[in-house]
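Below: the structure, in structure tokens.
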Amino acid sequence: MKRPVFAANWKMHHGPTDAREFMRAFLAHYPRQDDRTVLFLPPALALHVVGELTRERSDIVVGVQNIYWEDKGAFTGEISAPIARDAGARVVLVGHSERRHIFGETDEQTGLKCAAAARAGLTPMLCVGEQLEEREQGDTESVVLRQLRAGIAGLQPAQVAGMLFAYEPVWAIGTGRNATPADASAVHAAIRGALRVVVGDKAAKVPILYGGSVNRGNAAALVRAPEVDGVLVGGASLDAGGWAAIARA
Ligand code: PGA
């Protein structure tokens, strides 16, 4: 039996006031479910609100969407892994496609961020995914595995075994065009194969989430697909009732 992870990436939506209202509505729609985990990735400034309102809920975890890789210092505007951990985050997204493509985050930087997270006791969720041209050229697997290897380069195998991964094809993010369950399964199998080389049989237990235009209509089929251990959801996680319905999928 898998224990799926339903992750809400709010991106740059829902500050503390909206987050409080959202969480009250969500918690009313979503009683505790012990067969799955719900992960919230709000903007960092709303983390405390989500953490506070879910303190009694061991089925709900909170995290941040980004960190800087140095532990402390003169890096105006950045948040370190130890600061995020101290503020209540347990997970951090690393290498999200918007970080890579809008902010120019490189493979090497994702490796530094995953290592910084692990040092601070934060679980990195490394996001990987190909662009449309790469898929059309048959390069999906090589791109995804290159991103994967770079992201885990600075970690010990035991740390890699404790990570989360998300396969998010760039062409599927925010476009309304999701990968089919079969397409997702195929890429997840390749990711798991690469993880097996590093962590052996423990790879079977490493959660690999699918993300990219997940919604109420397609979430259940994606979560049930072989090798898919949950979903990472952007747009469809912004409405409390809709997100509760997805998390119950
Ligand atoms: P989307 O975003 O669900 O809006 O496609 C997913 C993500 O970027 O994590």
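Numbering starts fresh at 1 for the residues of each chain in the structure tokens, the chains themselves are lettered A, B, ... in the order given, and ligands are numbered from 1 as they appear.
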
request  = Could you tell me, counting only C-alpha atoms and all ligand atoms, which protein and nucleic acid residues lie no more than 8 Å from ligand 1, written as a PyMOL selection string?
outcome  = chain A and resi 8-9+11+96-98+168+172-176+178+211-215+232-237

key: Filtered DSSP result for stretch 156-244 of chain A, state alpha helix (DSSP H), as a PyMOL selection string   = chain A and resi 157-161+181-199+219-224+240-244

task = Find the spatial neighbours of A:Ser58, counting only C-alpha atoms, within a cut-off of 9 Å - ignore same-chain residues fewer than 4 positions away - and output them as a list in words.
result =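 Everything that qualifies: Arg32, Asp34, Thr37 and Thr54 of chain A.
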
task = Mind giving me the straight-line distance from atom CA of A:Leu27 to atom CA of A:Val62 in Å, one decimal?
result =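 Atom-to-atom, atom CA of A:Leu27 to atom CA of A:Val62, that is 14.2 Å.
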
inquiry  = Taking only stretch 1-242 of chain A into account, list the residues labelled strand (DSSP E) by DSSP (computed from the backbone), as a ChimeraX atom specification.
reply    = /A:5-9,37-41,60-64,91-94,123-128,164-167,208-211,230-233

message = When you look at A:Leu145 with a cut-off of 12 Å (counting only C-alpha atoms), what residues show up, excluding the ones that are within fewer than 2 positions of it in the same chain? I need them as a PyMOL selection string.
response = chain A and resi 107+126-130+139-143+147-153+165+167+187-195

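Going from atom CA of A:Val64 to atom CA of A:Leu39 covers 10.1 Å.
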
query = Looking at only C-alpha atoms, which of A:Gly51, A:Gly15, A:Arg36, A:Ser80 is the one that sits closest to A:Ala115?
reply = A:Ser80

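Closest approach to A:Asn66 among A:Leu122, A:Ala240, A:Val50, A:Val94: A:Val94, based on only C-alpha atoms.
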
task = Give me, please, the distance in Å between atom CA of A:Pro207 and atom CA of A:Val231, quoted to one decimal.
result =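 Going from atom CA of A:Pro207 over to atom CA of A:Val231 covers 10.0 Å.
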
Would you mind listing what lies within 7 Å of A:Gln131 as a PDB file with N, CA and C atoms, in the first residue's frame, with only C-alpha atoms counted and same-chain residues fewer than 4 positions away left out?
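Now in part-v8.pdb:
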ATOM      1  N   ARG A 135      11.088  16.844 -25.116  1.00  0.00           N
ATOM      2  CA  ARG A 135      10.241  15.636 -25.245  1.00  0.00           C
ATOM      3  C   ARG A 135      10.131  15.233 -26.714  1.00  0.00           C
ATOM      4  N   PRO A 169       6.736  17.812 -16.016  1.00  0.00           N
ATOM      5  CA  PRO A 169       7.087  18.224 -17.379  1.00  0.00           C
ATOM      6  C   PRO A 169       6.747  19.701 -17.560  1.00  0.00           C
ATOM      7  N   VAL A 170       7.693  20.472 -18.071  1.00  0.00           N
ATOM      8  CA  VAL A 170       7.511  21.933 -18.159  1.00  0.00           C
ATOM      9  C   VAL A 170       6.287  22.275 -19.000  1.00  0.00           C
ATOM     10  N   TRP A 171       6.037  21.489 -20.050  1.00  0.00           N
ATOM     11  CA  TRP A 171       4.910  21.756 -20.952  1.00  0.00           C
ATOM     12  C   TRP A 171       3.565  21.500 -20.278  1.00  0.00           C
TER      13      TRP A 171
END

key: Polymer residues at most 8 Å from stretch 28-31 of chain A, only C-alpha atoms, same-chain spacing of 6 or more positions, as a ChimeraX atom specification   = /A:241,244,248

Residue selection dump (N, CA and C atoms) as a compact mmCIF listing (two decimals), in the first residue's frame:
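Wrote selection.txt, looks like this:
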# COMPACT_ATOMS: atom_id res chain seq x y z
N GLY A 241 -11.98 24.29 -1.15
CA GLY A 241 -12.88 23.16 -1.38
C GLY A 241 -12.35 22.26 -2.48
N ALA A 244 -9.35 20.28 -1.18
CA ALA A 244 -9.78 19.19 -0.29
C ALA A 244 -10.29 18.02 -1.13
N ARG A 248 -8.54 14.22 -1.30
CA ARG A 248 -9.31 13.01 -0.96
C ARG A 248 -9.34 12.01 -2.12

inquiry  = Quick one: residues within 10 Å of A:Pro181, only C-alpha atoms, excluding same-chain residues fewer than 4 positions away - as a list in words?
reply    =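 Listed by chain and then number, they are Ser185, Ala186, Tyr210, Asn218, Ala219, Ala220, Ala221, Leu222, Val223, Arg224, Ala225, Pro226, Glu227 and Val228 of chain A.
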
Could the residues in this selection be written to a file with N, CA, C and O atoms, as a JSON list (two decimals), in the first residue's frame?
[["chain", "number", "residue", "atom", "x", "y", "z"],
["A", 185, "SER", "N", 4.04, 7.46, -15.45],
["A", 185, "SER", "CA", 4.59, 6.21, -14.91],
["A", 185, "SER", "C", 5.93, 5.86, -15.56],
["A", 185, "SER", "O", 6.86, 5.43, -14.89],
["A", 186, "ALA", "N", 6.00, 6.07, -16.88],
["A", 186, "ALA", "CA", 7.23, 5.70, -17.59],
["A", 186, "ALA", "C", 8.41, 6.54, -17.09],
["A", 186, "ALA", "O", 9.50, 6.02, -16.83],
["A", 210, "TYR", "N", 3.91, 13.40, -9.20],
["A", 210, "TYR", "CA", 3.72, 13.99, -10.52],
["A", 210, "TYR", "C", 3.13, 15.38, -10.36],
["A", 210, "TYR", "O", 2.22, 15.58, -9.52],
["A", 218, "ASN", "N", -8.42, 14.76, -12.93],
["A", 218, "ASN", "CA", -7.38, 13.79, -13.30],
["A", 218, "ASN", "C", -6.55, 13.28, -12.13],
["A", 218, "ASN", "O", -5.74, 12.35, -12.28],
["A", 219, "ALA", "N", -6.73, 13.88, -10.93],
["A", 219, "ALA", "CA", -5.85, 13.54, -9.80],
["A", 219, "ALA", "C", -5.91, 12.06, -9.42],
["A", 219, "ALA", "O", -4.88, 11.41, -9.23],
["A", 220, "ALA", "N", -7.12, 11.51, -9.34],
["A", 220, "ALA", "CA", -7.25, 10.13, -8.85],
["A", 220, "ALA", "C", -6.52, 9.17, -9.78],
["A", 220, "ALA", "O", -5.77, 8.29, -9.32],
["A", 221, "ALA", "N", -6.69, 9.34, -11.10],
["A", 221, "ALA", "CA", -6.05, 8.42, -12.04],
["A", 221, "ALA", "C", -4.53, 8.56, -11.97],
["A", 221, "ALA", "O", -3.79, 7.56, -12.06],
["A", 222, "LEU", "N", -4.04, 9.80, -11.80],
["A", 222, "LEU", "CA", -2.58, 9.99, -11.72],
["A", 222, "LEU", "C", -2.03, 9.35, -10.45],
["A", 222, "LEU", "O", -1.00, 8.68, -10.48],
["A", 223, "VAL", "N", -2.70, 9.56, -9.33],
["A", 223, "VAL", "CA", -2.19, 9.02, -8.06],
["A", 223, "VAL", "C", -2.19, 7.49, -8.08],
["A", 223, "VAL", "O", -1.34, 6.86, -7.47],
["A", 224, "ARG", "N", -3.14, 6.90, -8.80],
["A", 224, "ARG", "CA", -3.20, 5.44, -8.85],
["A", 224, "ARG", "C", -2.23, 4.83, -9.86],
["A", 224, "ARG", "O", -2.04, 3.62, -9.88],
["A", 225, "ALA", "N", -1.63, 5.64, -10.71],
["A", 225, "ALA", "CA", -0.74, 5.10, -11.74],
["A", 225, "ALA", "C", 0.48, 4.45, -11.09],
["A", 225, "ALA", "O", 0.97, 4.92, -10.06],
["A", 226, "PRO", "N", 0.97, 3.37, -11.69],
["A", 226, "PRO", "CA", 2.15, 2.72, -11.15],
["A", 226, "PRO", "C", 3.31, 3.72, -11.05],
["A", 226, "PRO", "O", 3.47, 4.55, -11.94],
["A", 227, "GLU", "N", 4.07, 3.63, -10.00],
["A", 227, "GLU", "CA", 5.26, 4.48, -9.76],
["A", 227, "GLU", "C", 4.93, 5.91, -9.37],
["A", 227, "GLU", "O", 5.83, 6.69, -9.09],
["A", 228, "VAL", "N", 3.67, 6.29, -9.35],
["A", 228, "VAL", "CA", 3.31, 7.67, -8.97],
["A", 228, "VAL", "C", 2.86, 7.65, -7.51],
["A", 228, "VAL", "O", 1.94, 6.93, -7.15]]

query = A:Glu108, A:Glu52, A:Asp239, A:Glu133: which is nearest A:Gly88, counting only C-alpha atoms?
reply =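 Once distances to A:Gly88 are computed over only C-alpha atoms, the minimum belongs to A:Glu52.
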
request  = May I ask which of the residues A:Lys205, A:Ile67, A:Met163, A:Asp86 is the closest one to A:Arg99, counting only C-alpha atoms?
outcome  =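 Among A:Lys205, A:Ile67, A:Met163, A:Asp86, it is A:Ile67 that comes nearest to A:Arg99.
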